[in-house]
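Visitor: Quick one, model.cif (mmCIF, C-alpha atoms):
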```cif
data_work
loop_
_atom_site.label_atom_id
_atom_site.label_comp_id
_atom_site.auth_asym_id
_atom_site.auth_seq_id
_atom_site.Cartn_x
_atom_site.Cartn_y
_atom_site.Cartn_z
CA MET A 1 55.58 20.88 47.05
CA LEU A 2 55.83 17.11 46.56
CA ARG A 3 52.06 16.82 46.04
CA LEU A 4 52.21 19.65 43.49
CA ALA A 5 55.06 17.96 41.64
CA ALA A 6 53.18 14.67 41.54
CA ALA A 7 50.07 16.42 40.23
CA ALA A 8 52.13 18.12 37.52
CA ILE A 9 53.57 14.79 36.40
CA THR A 10 50.08 13.28 36.25
CA LEU A 11 48.73 16.17 34.17
CA ALA A 12 51.72 16.05 31.83
CA ALA A 13 51.22 12.32 31.28
CA LEU A 14 47.54 12.82 30.51
CA ALA A 15 48.40 15.58 28.05
CA LEU A 16 50.70 13.39 25.93
CA PRO A 17 49.56 12.28 22.45
CA VAL A 18 47.34 9.21 22.35
CA GLN A 19 49.87 7.47 20.08
CA ALA A 20 52.57 7.78 22.75
CA GLN A 21 50.48 5.71 25.16
CA GLY A 22 50.03 2.74 22.80
CA ILE A 23 53.56 1.36 22.58
CA LYS A 24 52.39 -2.19 21.82
CA ASP A 25 50.59 -0.91 18.73
CA MET A 26 53.78 0.81 17.56
CA VAL A 27 56.03 -2.28 17.63
CA THR A 28 56.24 -5.05 15.04
CA ASP A 29 58.85 -7.81 14.92
CA PHE A 30 59.79 -10.57 12.52
CA THR A 31 62.78 -12.75 11.66
CA LEU A 32 64.49 -13.01 8.29
CA SER A 33 65.15 -16.42 6.77
CA ASN A 34 68.85 -16.18 7.76
CA GLY A 35 67.96 -15.70 11.43
CA MET A 36 68.30 -11.92 11.74
CA GLU A 37 65.72 -10.50 14.15
CA VAL A 38 64.00 -7.26 13.10
CA VAL A 39 62.05 -4.82 15.28
CA VAL A 40 60.08 -1.92 13.80
CA ILE A 41 58.84 0.95 15.99
CA GLU A 42 56.44 3.23 14.12
CA ASP A 43 56.30 6.94 14.90
CA HIS A 44 55.10 9.13 12.02
CA ARG A 45 55.27 12.49 13.80
CA ALA A 46 58.54 13.49 12.12
CA PRO A 47 60.11 12.31 8.82
CA VAL A 48 63.16 10.79 10.51
CA VAL A 49 64.32 7.28 11.28
CA VAL A 50 66.83 5.64 13.63
CA HIS A 51 68.50 2.57 12.15
CA MET A 52 70.38 0.34 14.60
CA VAL A 53 72.16 -2.99 14.27
CA TRP A 54 72.91 -4.75 17.54
CA TYR A 55 75.21 -7.77 17.79
CA ARG A 56 74.86 -10.29 20.59
CA ALA A 57 78.57 -9.97 21.27
CA GLY A 58 80.31 -7.71 23.74
CA ALA A 59 83.33 -7.60 25.99
CA ALA A 60 82.14 -10.56 28.07
CA ASP A 61 82.14 -12.72 24.94
CA GLU A 62 85.86 -12.23 24.29
CA THR A 63 88.29 -15.12 24.62
CA PRO A 64 90.83 -14.87 27.44
CA GLY A 65 93.90 -12.78 26.69
CA VAL A 66 92.37 -10.38 24.15
CA SER A 67 90.38 -8.06 26.40
CA GLY A 68 89.19 -4.98 24.57
CA VAL A 69 88.86 -6.67 21.18
CA ALA A 70 85.08 -6.12 21.00
CA HIS A 71 85.55 -2.38 21.45
CA PHE A 72 88.58 -2.43 19.15
CA LEU A 73 86.49 -4.03 16.41
CA GLU A 74 83.78 -1.41 16.89
CA HIS A 75 86.39 1.20 15.92
CA LEU A 76 87.66 -0.87 13.01
CA LEU A 77 84.21 -1.09 11.41
CA PHE A 78 84.63 2.56 10.42
CA LYS A 79 87.88 1.80 8.56
CA GLY A 80 86.20 0.68 5.36
CA THR A 81 85.21 -2.27 3.18
CA ASP A 82 85.89 -3.25 -0.43
CA LYS A 83 83.18 -0.73 -1.37
CA LEU A 84 83.78 2.02 1.20
CA ALA A 85 87.05 3.82 1.92
CA PRO A 86 88.12 4.46 5.53
CA GLY A 87 85.85 7.12 6.99
CA GLU A 88 83.49 7.09 4.00
CA PHE A 89 80.65 5.50 5.96
CA SER A 90 80.33 8.41 8.41
CA GLU A 91 81.04 10.97 5.69
CA THR A 92 78.16 9.59 3.64
CA VAL A 93 75.81 9.72 6.63
CA ALA A 94 76.77 13.36 7.26
CA GLU A 95 76.39 14.28 3.58
CA ASN A 96 72.85 12.95 3.79
CA GLY A 97 72.06 15.11 6.81
CA GLY A 98 72.38 12.40 9.43
CA THR A 99 74.48 11.39 12.40
CA ASP A 100 76.00 8.04 13.31
CA ASN A 101 77.98 6.34 16.03
CA ALA A 102 78.54 3.04 17.81
CA PHE A 103 79.04 1.70 21.32
CA THR A 104 80.18 -1.48 23.06
CA GLY A 105 78.99 -3.02 26.31
CA GLN A 106 79.61 -6.25 28.13
CA ASP A 107 76.79 -8.02 26.29
CA TYR A 108 76.47 -6.23 22.95
CA THR A 109 77.99 -4.00 20.29
CA ALA A 110 75.66 -1.60 18.45
CA TYR A 111 75.89 0.70 15.42
CA PHE A 112 73.33 3.37 14.60
CA GLN A 113 72.40 6.19 12.26
CA ARG A 114 69.73 8.88 12.59
CA VAL A 115 68.68 10.16 9.16
CA ALA A 116 65.73 11.34 7.09
CA ALA A 117 63.33 8.44 6.55
CA ASP A 118 63.95 8.38 2.79
CA ARG A 119 67.65 7.57 3.45
CA LEU A 120 66.93 4.27 5.18
CA ASP A 121 67.68 2.26 2.06
CA LEU A 122 71.18 3.75 1.87
CA MET A 123 71.84 3.10 5.57
CA MET A 124 70.91 -0.56 5.23
CA GLU A 125 73.06 -0.88 2.13
CA MET A 126 76.14 0.42 3.93
CA GLU A 127 75.53 -1.35 7.26
CA SER A 128 74.89 -4.72 5.63
CA ASP A 129 78.08 -4.26 3.61
CA ARG A 130 80.27 -3.84 6.66
CA MET A 131 78.56 -6.76 8.40
CA VAL A 132 80.36 -9.14 6.03
CA ASN A 133 82.89 -7.22 3.96
CA LEU A 134 85.11 -5.49 6.51
CA LYS A 135 88.56 -4.69 5.16
CA LEU A 136 91.38 -4.89 7.67
CA ASP A 137 94.99 -4.02 6.94
CA ALA A 138 98.08 -3.56 9.06
CA GLU A 139 97.88 0.25 8.97
CA ALA A 140 94.28 0.30 10.19
CA ILE A 141 95.16 -2.08 13.02
CA ARG A 142 98.15 0.01 14.11
CA THR A 143 96.45 3.40 14.01
CA GLU A 144 93.20 2.30 15.61
CA ARG A 145 95.00 0.36 18.32
CA ASP A 146 96.78 3.59 19.18
CA VAL A 147 93.38 5.34 19.29
CA ILE A 148 91.84 2.92 21.79
CA ILE A 149 94.96 2.95 23.98
CA GLU A 150 94.79 6.75 24.06
CA GLU A 151 91.09 6.49 24.88
CA ARG A 152 91.97 4.30 27.84
CA ASN A 153 94.68 6.74 28.91
CA GLN A 154 92.24 9.66 28.88
CA ARG A 155 89.18 7.97 30.36
CA THR A 156 90.73 5.47 32.75
CA GLU A 157 94.43 5.94 33.43
CA ASN A 158 93.96 9.69 34.03
CA ASN A 159 90.89 9.21 36.21
CA ALA A 160 91.36 7.92 39.74
CA GLY A 161 87.66 7.12 40.09
CA ALA A 162 87.67 5.05 36.89
CA LEU A 163 90.74 3.09 38.04
CA TYR A 164 89.10 2.47 41.40
CA ARG A 165 85.85 1.23 39.82
CA GLU A 166 87.86 -1.07 37.56
CA GLN A 167 89.56 -2.66 40.57
CA ALA A 168 86.27 -2.95 42.46
CA MET A 169 84.59 -4.75 39.55
CA ALA A 170 87.54 -7.10 39.22
CA ALA A 171 87.10 -7.97 42.90
CA GLN A 172 83.33 -8.37 42.57
CA TYR A 173 83.49 -11.08 39.92
CA LEU A 174 85.60 -14.05 40.90
CA ASN A 175 85.16 -15.96 37.64
CA HIS A 176 82.78 -14.14 35.30
CA PRO A 177 84.25 -11.88 32.56
CA TYR A 178 82.16 -8.93 33.79
CA GLY A 179 85.15 -8.33 36.03
CA ILE A 180 87.20 -7.36 32.95
CA PRO A 181 86.72 -3.76 31.72
CA VAL A 182 84.95 -3.26 28.39
CA ILE A 183 87.83 -1.18 27.05
CA GLY A 184 90.24 -3.93 28.06
CA TRP A 185 93.32 -4.26 30.24
CA LYS A 186 96.05 -2.05 28.86
CA HIS A 187 98.74 -4.74 28.62
CA GLU A 188 96.42 -6.87 26.49
CA MET A 189 95.18 -3.97 24.38
CA GLU A 190 98.75 -3.20 23.38
CA ASN A 191 99.02 -6.63 21.75
CA LEU A 192 95.69 -6.79 19.93
CA SER A 193 96.32 -8.00 16.41
CA GLN A 194 94.64 -8.19 13.03
CA ALA A 195 94.05 -11.90 13.67
CA ASP A 196 92.33 -11.16 17.00
CA ALA A 197 89.97 -8.64 15.41
CA ARG A 198 89.26 -10.86 12.42
CA ALA A 199 88.49 -13.87 14.62
CA PHE A 200 85.94 -11.91 16.67
CA TYR A 201 84.40 -10.43 13.51
CA ASP A 202 84.12 -13.75 11.69
CA ARG A 203 82.62 -15.42 14.73
CA PHE A 204 80.01 -12.91 15.81
CA TYR A 205 79.28 -10.45 12.99
CA THR A 206 76.66 -12.48 11.22
CA PRO A 207 72.96 -11.89 10.57
CA ASN A 208 71.85 -14.75 12.82
CA ASN A 209 73.65 -13.03 15.72
CA ALA A 210 72.20 -9.57 15.03
CA VAL A 211 69.11 -7.56 15.86
CA LEU A 212 67.97 -4.82 13.48
CA VAL A 213 65.90 -2.08 15.12
CA VAL A 214 64.30 0.61 12.96
CA ALA A 215 62.32 3.36 14.71
CA GLY A 216 60.58 6.38 13.23
CA ASP A 217 58.61 7.33 10.14
CA VAL A 218 58.41 3.86 8.58
CA THR A 219 55.97 0.99 8.21
CA PRO A 220 56.70 -2.67 8.90
CA ASP A 221 56.17 -3.56 5.24
CA GLU A 222 58.69 -0.93 4.11
CA VAL A 223 61.28 -2.11 6.59
CA LYS A 224 60.73 -5.77 5.77
CA ALA A 225 61.23 -5.17 2.06
CA LEU A 226 64.45 -3.24 2.63
CA ALA A 227 65.72 -5.68 5.26
CA GLU A 228 65.20 -8.64 2.96
CA LYS A 229 66.91 -6.76 0.13
CA HIS A 230 70.04 -5.85 2.09
CA TYR A 231 70.32 -8.19 5.08
CA GLY A 232 68.25 -11.17 3.97
CA VAL A 233 70.74 -12.09 1.23
CA LEU A 234 73.62 -12.50 3.71
CA GLU A 235 74.71 -15.98 4.71
CA PRO A 236 74.37 -16.84 8.40
CA ASN A 237 77.17 -18.37 10.43
CA ALA A 238 76.10 -22.00 10.77
CA GLU A 239 78.79 -22.50 13.42
CA LEU A 240 77.76 -19.61 15.65
CA PRO A 241 78.66 -20.81 19.16
CA LYS A 242 76.13 -21.04 21.95
CA ARG A 243 76.34 -17.98 24.15
CA ALA A 244 77.85 -19.34 27.36
CA ARG A 245 80.26 -17.64 29.75
CA PRO A 246 82.10 -18.78 32.88
CA GLN A 247 79.69 -18.31 35.77
CA GLU A 248 80.28 -17.20 39.35
CA PRO A 249 80.95 -19.80 42.01
CA PRO A 250 79.26 -19.29 45.40
CA GLN A 251 80.62 -16.09 46.92
CA THR A 252 81.26 -16.79 50.59
CA ALA A 253 83.57 -14.02 51.77
CA ALA A 254 83.27 -10.23 51.80
CA ARG A 255 86.04 -8.43 49.95
CA ARG A 256 87.58 -5.01 50.68
CA LEU A 257 89.95 -2.69 48.87
CA THR A 258 91.49 0.71 49.43
CA PHE A 259 92.51 2.67 46.35
CA LYS A 260 94.95 5.51 47.03
CA ASP A 261 95.60 8.24 44.51
CA PRO A 262 96.81 11.80 45.17
CA ARG A 263 94.51 13.05 42.38
CA VAL A 264 91.37 12.17 44.34
CA ALA A 265 89.42 15.37 44.98
CA GLN A 266 86.54 13.83 46.94
CA PRO A 267 87.08 10.55 48.83
CA TYR A 268 84.14 8.17 49.13
CA VAL A 269 83.04 4.71 50.22
CA SER A 270 81.18 2.33 47.92
CA ARG A 271 79.82 -1.16 48.31
CA SER A 272 78.52 -3.40 45.55
CA TYR A 273 76.63 -6.67 45.97
CA LEU A 274 76.19 -9.44 43.45
CA ALA A 275 72.55 -9.24 42.36
CA PRO A 276 70.17 -11.06 39.99
CA GLU A 277 69.46 -9.60 36.57
CA ARG A 278 66.15 -9.26 34.71
CA ASP A 279 65.25 -12.64 33.24
CA ALA A 280 62.89 -13.37 30.39
CA GLY A 281 59.42 -14.05 31.76
CA ALA A 282 60.59 -13.54 35.35
CA GLN A 283 61.15 -9.85 36.05
CA LYS A 284 59.53 -9.56 39.49
CA GLU A 285 62.73 -9.63 41.56
CA ALA A 286 64.52 -7.19 39.23
CA ALA A 287 61.52 -4.85 39.42
CA ALA A 288 61.69 -4.97 43.22
CA LEU A 289 65.44 -4.20 43.17
CA THR A 290 64.82 -1.32 40.77
CA MET A 291 62.31 0.12 43.23
CA LEU A 292 64.70 -0.51 46.13
CA ALA A 293 67.43 1.54 44.42
CA GLU A 294 64.96 4.37 43.77
CA ILE A 295 63.75 4.36 47.38
CA LEU A 296 67.25 4.28 48.84
CA GLY A 297 69.07 6.60 46.50
CA SER A 298 66.98 8.61 44.05
CA GLY A 299 66.88 12.30 44.89
CA GLN A 300 66.86 14.34 48.05
CA THR A 301 63.78 12.56 49.42
CA SER A 302 65.45 9.16 49.24
CA VAL A 303 66.16 7.16 52.38
CA LEU A 304 69.94 7.57 52.25
CA SER A 305 69.73 11.29 51.57
CA GLU A 306 67.28 11.92 54.39
CA LYS A 307 69.24 9.84 56.89
CA LEU A 308 72.81 10.76 55.94
CA GLN A 309 72.64 14.21 54.33
CA PHE A 310 69.81 15.87 56.18
CA GLY A 311 69.59 13.66 59.26
CA ASN A 312 72.93 13.01 60.96
CA LYS A 313 74.75 15.12 58.33
CA LYS A 314 77.43 12.50 57.83
CA ALA A 315 77.29 12.78 54.05
CA LEU A 316 77.71 15.34 51.34
CA TYR A 317 76.00 12.82 49.10
CA ALA A 318 74.70 9.26 49.36
CA SER A 319 72.93 7.10 46.83
CA ALA A 320 72.14 3.63 45.49
CA TYR A 321 72.09 2.11 42.02
CA TYR A 322 70.94 -1.02 40.19
CA SER A 323 70.70 -1.94 36.54
CA GLY A 324 68.94 -5.21 35.86
CA LEU A 325 69.67 -5.15 32.13
CA SER A 326 72.40 -7.76 32.02
CA LEU A 327 72.72 -11.22 30.50
CA ASP A 328 74.20 -12.63 33.71
CA ASP A 329 74.33 -11.59 37.38
CA THR A 330 74.66 -7.85 37.84
CA THR A 331 75.34 -5.64 40.87
CA PHE A 332 73.41 -3.54 43.35
CA GLY A 333 75.42 -0.70 44.86
CA ILE A 334 75.36 1.93 47.60
CA TYR A 335 77.84 4.68 48.36
CA ILE A 336 78.54 7.71 50.53
CA VAL A 337 80.65 10.82 50.10
CA PRO A 338 81.46 11.78 53.70
CA ALA A 339 80.88 15.34 54.89
CA GLU A 340 83.81 17.52 55.89
CA GLY A 341 85.42 16.21 59.05
CA VAL A 342 83.87 12.74 58.69
CA THR A 343 86.38 9.97 58.05
CA LEU A 344 85.82 7.19 55.55
CA GLU A 345 85.54 4.74 58.44
CA GLU A 346 82.82 6.87 60.03
CA GLY A 347 81.10 7.27 56.66
CA GLU A 348 81.02 3.52 56.11
CA ALA A 349 79.60 2.97 59.60
CA ALA A 350 76.91 5.59 58.96
CA LEU A 351 76.01 3.92 55.65
CA ASP A 352 75.72 0.53 57.36
CA GLN A 353 73.53 2.04 60.07
CA ALA A 354 71.23 3.67 57.53
CA ILE A 355 70.72 0.37 55.72
CA ALA A 356 70.11 -1.46 59.01
CA GLU A 357 67.49 1.13 60.02
CA PHE A 358 65.76 0.82 56.66
CA LEU A 359 65.57 -2.96 57.02
CA GLN A 360 63.87 -2.41 60.38
CA GLU A 361 61.56 0.44 59.35
CA GLY A 362 60.48 -0.80 55.94
CA VAL A 363 59.11 1.11 52.95
CA ASP A 364 57.19 4.37 53.22
CA PRO A 365 53.97 3.75 51.22
CA GLU A 366 53.71 7.39 50.12
CA GLN A 367 57.28 7.40 48.83
CA LEU A 368 56.65 4.17 46.92
CA ALA A 369 53.50 5.60 45.31
CA ARG A 370 55.38 8.74 44.30
CA ILE A 371 58.23 6.79 42.74
CA LYS A 372 55.84 4.58 40.79
CA LEU A 373 54.18 7.69 39.38
CA GLN A 374 57.53 9.20 38.41
CA LEU A 375 58.70 6.00 36.71
CA LYS A 376 55.42 5.71 34.82
CA ALA A 377 55.80 9.27 33.58
CA SER A 378 59.39 8.60 32.53
CA GLU A 379 58.28 5.56 30.51
CA ILE A 380 55.63 7.67 28.74
CA TYR A 381 58.00 10.53 27.99
CA MET A 382 60.59 8.13 26.59
CA ARG A 383 58.12 7.20 23.84
CA ASP A 384 58.66 10.65 22.37
CA ASP A 385 62.29 9.76 21.61
CA VAL A 386 62.56 7.13 18.88
CA GLY A 387 66.28 6.78 19.54
CA ALA A 388 65.66 5.94 23.19
CA LEU A 389 63.00 3.41 22.21
CA ALA A 390 65.32 1.78 19.70
CA ARG A 391 68.03 1.50 22.35
CA GLN A 392 65.58 0.07 24.87
CA TYR A 393 64.53 -2.76 22.58
CA GLY A 394 68.00 -3.43 21.18
CA ALA A 395 69.61 -3.61 24.61
CA ALA A 396 66.90 -5.90 25.95
CA LEU A 397 67.02 -8.33 23.04
CA THR A 398 70.81 -8.65 23.19
CA GLN A 399 70.71 -9.20 26.96
CA GLY A 400 68.38 -12.13 27.07
CA LEU A 401 64.95 -10.47 27.19
CA THR A 402 62.07 -10.52 24.73
CA ILE A 403 59.83 -7.84 23.24
CA GLN A 404 57.10 -9.01 25.59
CA ASP A 405 59.44 -8.48 28.55
CA VAL A 406 60.12 -4.90 27.46
CA GLN A 407 56.42 -4.20 27.13
CA ASP A 408 55.62 -5.90 30.45
CA TRP A 409 58.28 -3.98 32.39
CA PRO A 410 56.15 -0.93 33.31
CA GLU A 411 53.46 -3.25 34.66
CA ALA A 412 56.08 -5.23 36.57
CA LEU A 413 57.27 -2.03 38.25
CA ALA A 414 53.71 -0.93 39.03
CA ALA A 415 52.94 -4.29 40.63
CA VAL A 416 55.84 -4.20 43.10
CA THR A 417 54.68 -4.24 46.71
CA GLU A 418 56.34 -3.09 49.92
CA ASP A 419 56.84 -6.76 50.89
CA ASP A 420 58.50 -7.46 47.52
CA ILE A 421 60.98 -4.64 48.09
CA MET A 422 61.87 -5.70 51.60
CA ALA A 423 62.33 -9.33 50.53
CA ALA A 424 64.64 -8.20 47.73
CA ALA A 425 66.57 -5.98 50.15
CA ARG A 426 67.10 -8.76 52.67
CA ALA A 427 68.31 -11.06 49.91
CA VAL A 428 70.67 -8.64 48.16
CA PHE A 429 72.34 -7.13 51.24
CA ASP A 430 74.53 -10.17 51.82
CA LYS A 431 78.04 -9.05 52.73
CA ASP A 432 79.50 -12.38 51.67
CA LYS A 433 78.63 -11.32 48.12
CA SER A 434 79.95 -7.79 48.50
CA VAL A 435 82.95 -5.62 47.74
CA THR A 436 83.52 -2.57 49.93
CA GLY A 437 85.97 0.01 48.71
CA TRP A 438 87.55 3.25 49.85
CA LEU A 439 88.71 5.78 47.29
CA THR A 440 91.12 8.12 49.02
CA THR A 441 94.30 10.16 48.79
CA GLN A 442 97.65 9.14 50.25
CA GLU A 443 97.22 11.70 53.03
CA MET A 444 93.85 10.38 54.21
CA THR A 445 94.74 6.72 54.80
CA GLN A 446 94.26 5.45 58.32
#
```
If you convert what's in this file into structure tokens, what do you get?
Guide:
Amino acid sequence: MLRLAAAAITLAALALPVQAQGIKDMVTDFTLSNGMEVVVIEDHRAPVVVHMVWYRAGAADETPGVSGVAHFLEHLLFKGTDKLAPGEFSETVAENGGTDNAFTGQDYTAYFQRVAADRLDLMMEMESDRMVNLKLDAEAIRTERDVIIEERNQRTENNAGALYREQAMAAQYLNHPYGIPVIGWKHEMENLSQADARAFYDRFYTPNNAVLVVAGDVTPDEVKALAEKHYGVLEPNAELPKRARPQEPPQTAARRLTFKDPRVAQPYVSRSYLAPERDAGAQKEAAALTMLAEILGSGQTSVLSEKLQFGNKKALYASAYYSGLSLDDTTFGIYIVPAEGVTLEEGEAALDQAIAEFLQEGVDPEQLARIKLQLKASEIYMRDDVGALARQYGAALTQGLTIQDVQDWPEALAAVTEDDIMAAARAVFDKDKSVTGWLTTQEMTQ
């Protein structure tokens, strides 16, 4: 069955349009005179376009004491300008047959619209307007602050798993702001002010701190003309600060936590390790860690599944994860949901044993070949989604990578060897740089 599945993936990849396999030919980039970076991804198969503006400013760029202000400001950008009334931006997008939204991460904030290609001019007009002309009043601050606090209540305070992950991340980072949740700590969110939002906006919302990504039925010349018309006339922030955050000191002691909550339906054990991120021009180690996570935790044929679910049957589920897209050090994680009758202590021991066995046994060459094929197919299929492509480039460019790094990534994954993976595993599985946590109910504590 596995051979058949691999063959099907190969055939599907070969059957894709020729254009989808030439991503380098689809991408053009240039920089406006005010420092705004522009990326154009051509795809003329449908008369639609995705227009995205990414700012190199996220939760980790906040000043101490105002956690959540990056996400708060994301909400406030929909409250209007001198030209647009509150809510008019999204209403205009909808009236023109499109959709829009925004999102905030640790390293970026992004705004996007998906519309018919002939509406791109209008999107740039509105987005460039709110880059510099945001209107903030006391009522907008009060109502939107209530909105983000309610969002935290629903997504975090009412979710035991989310509260647990928040505590685990705070323990993982001793000094870096990645240990602070993107949505913010509630006690600080409650005091976010108009001045806090305005300070973040004035500091970071500037063309020389932004990346414009346009993907779809456009040409580079068309995009350049419109970008110069709408964004090129904006003044840059000559005092834009250098992007520097507090960095982690040497981590020399393993940390543990137990989070108890009667709402927990399924207890589990997780462990995260401080891990290197993808760096511009040096993606080899991140590629090896990406492969390691796939080998350990991707699907029912993964190492942890075979050992813990189908082998000793200690787990209902076990997996691993790693995301190298990060401006600073990221995390590599493993976890286990113990089977019925298996305690969290026994589950943790089984997880440790599985990792120890893997470090002794090494990588299965057939599994590695299969994963490489699957990842290659995923990369090819993603080229059929202009929105996904736009997000890929925007995220990379706001997290320290270059266009060349994005285009080299598939080759970096394909070049990973068994020795590379094992070297990465031995380096990352350092318990002195780890946080082990138990998520449990009151009744299951030991």
Visitor: For Ser298 of chain A, please output as a ChimeraX atom specification all residues within 10 Å (counting all atoms listed in the file; exclusion window: fewer than 4 positions along the same chain).
Guide: /A:291-294,302-305,318-321,371
Visitor: Using all atoms listed in the file, tabulate the residues of segment 168-268 of chain A lying at most 7 Å from any atom of segment 38-50 of chain A, each with its closest atom pair and that distance in Å to one decimal, by chain and increasing residue number, as JSON lines.
Guide:
```
{"residue": "A:Val211", "atom": "CA", "partner": "A:Val38", "partner_atom": "CA", "distance": 5.8}
{"residue": "A:Leu212", "atom": "CA", "partner": "A:Val38", "partner_atom": "CA", "distance": 4.7}
{"residue": "A:Val213", "atom": "CA", "partner": "A:Val39", "partner_atom": "CA", "distance": 4.7}
{"residue": "A:Val214", "atom": "CA", "partner": "A:Val40", "partner_atom": "CA", "distance": 5.0}
{"residue": "A:Ala215", "atom": "CA", "partner": "A:Ile41", "partner_atom": "CA", "distance": 4.4}
{"residue": "A:Gly216", "atom": "CA", "partner": "A:Val49", "partner_atom": "CA", "distance": 4.3}
{"residue": "A:Asp217", "atom": "CA", "partner": "A:His44", "partner_atom": "CA", "distance": 4.4}
{"residue": "A:Val218", "atom": "CA", "partner": "A:Glu42", "partner_atom": "CA", "distance": 5.9}
{"residue": "A:Thr219", "atom": "CA", "partner": "A:Glu42", "partner_atom": "CA", "distance": 6.3}
{"residue": "A:Pro220", "atom": "CA", "partner": "A:Val40", "partner_atom": "CA", "distance": 6.0}
```
Visitor: Please write the residues picked by the PyMOL selection byres ((chain A and resi 144) around 12) on this file as a PyMOL selection string.
Guide: chain A and resi 69+71-79+86+136-143+145-151+189-190+192-194+197
Visitor: Work out how far atom CA of Asn153 of chain A is from atom CA of Met131 of chain A, in Å to one decimal.
Guide: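 Computing the Euclidean distance for atom CA of Met131 of chain A and atom CA of Asn153 of chain A yields 29.4 Å.
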Visitor: Quick one: residues within 9 Å of Leu368 of chain A, all atoms listed in the file counted, chain neighbours fewer than 2 positions away excluded, as an MDAnalysis selection string?
Guide: chainID A and resid 291 294:295 363:366 370:373 417:418
Visitor: Would you work out the distance separating atom CA of Leu226 of chain A from atom CA of Arg119 of chain A, expressed in Å to one decimal?
Guide: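 That distance, rounded to one decimal, is 11.3 Å.
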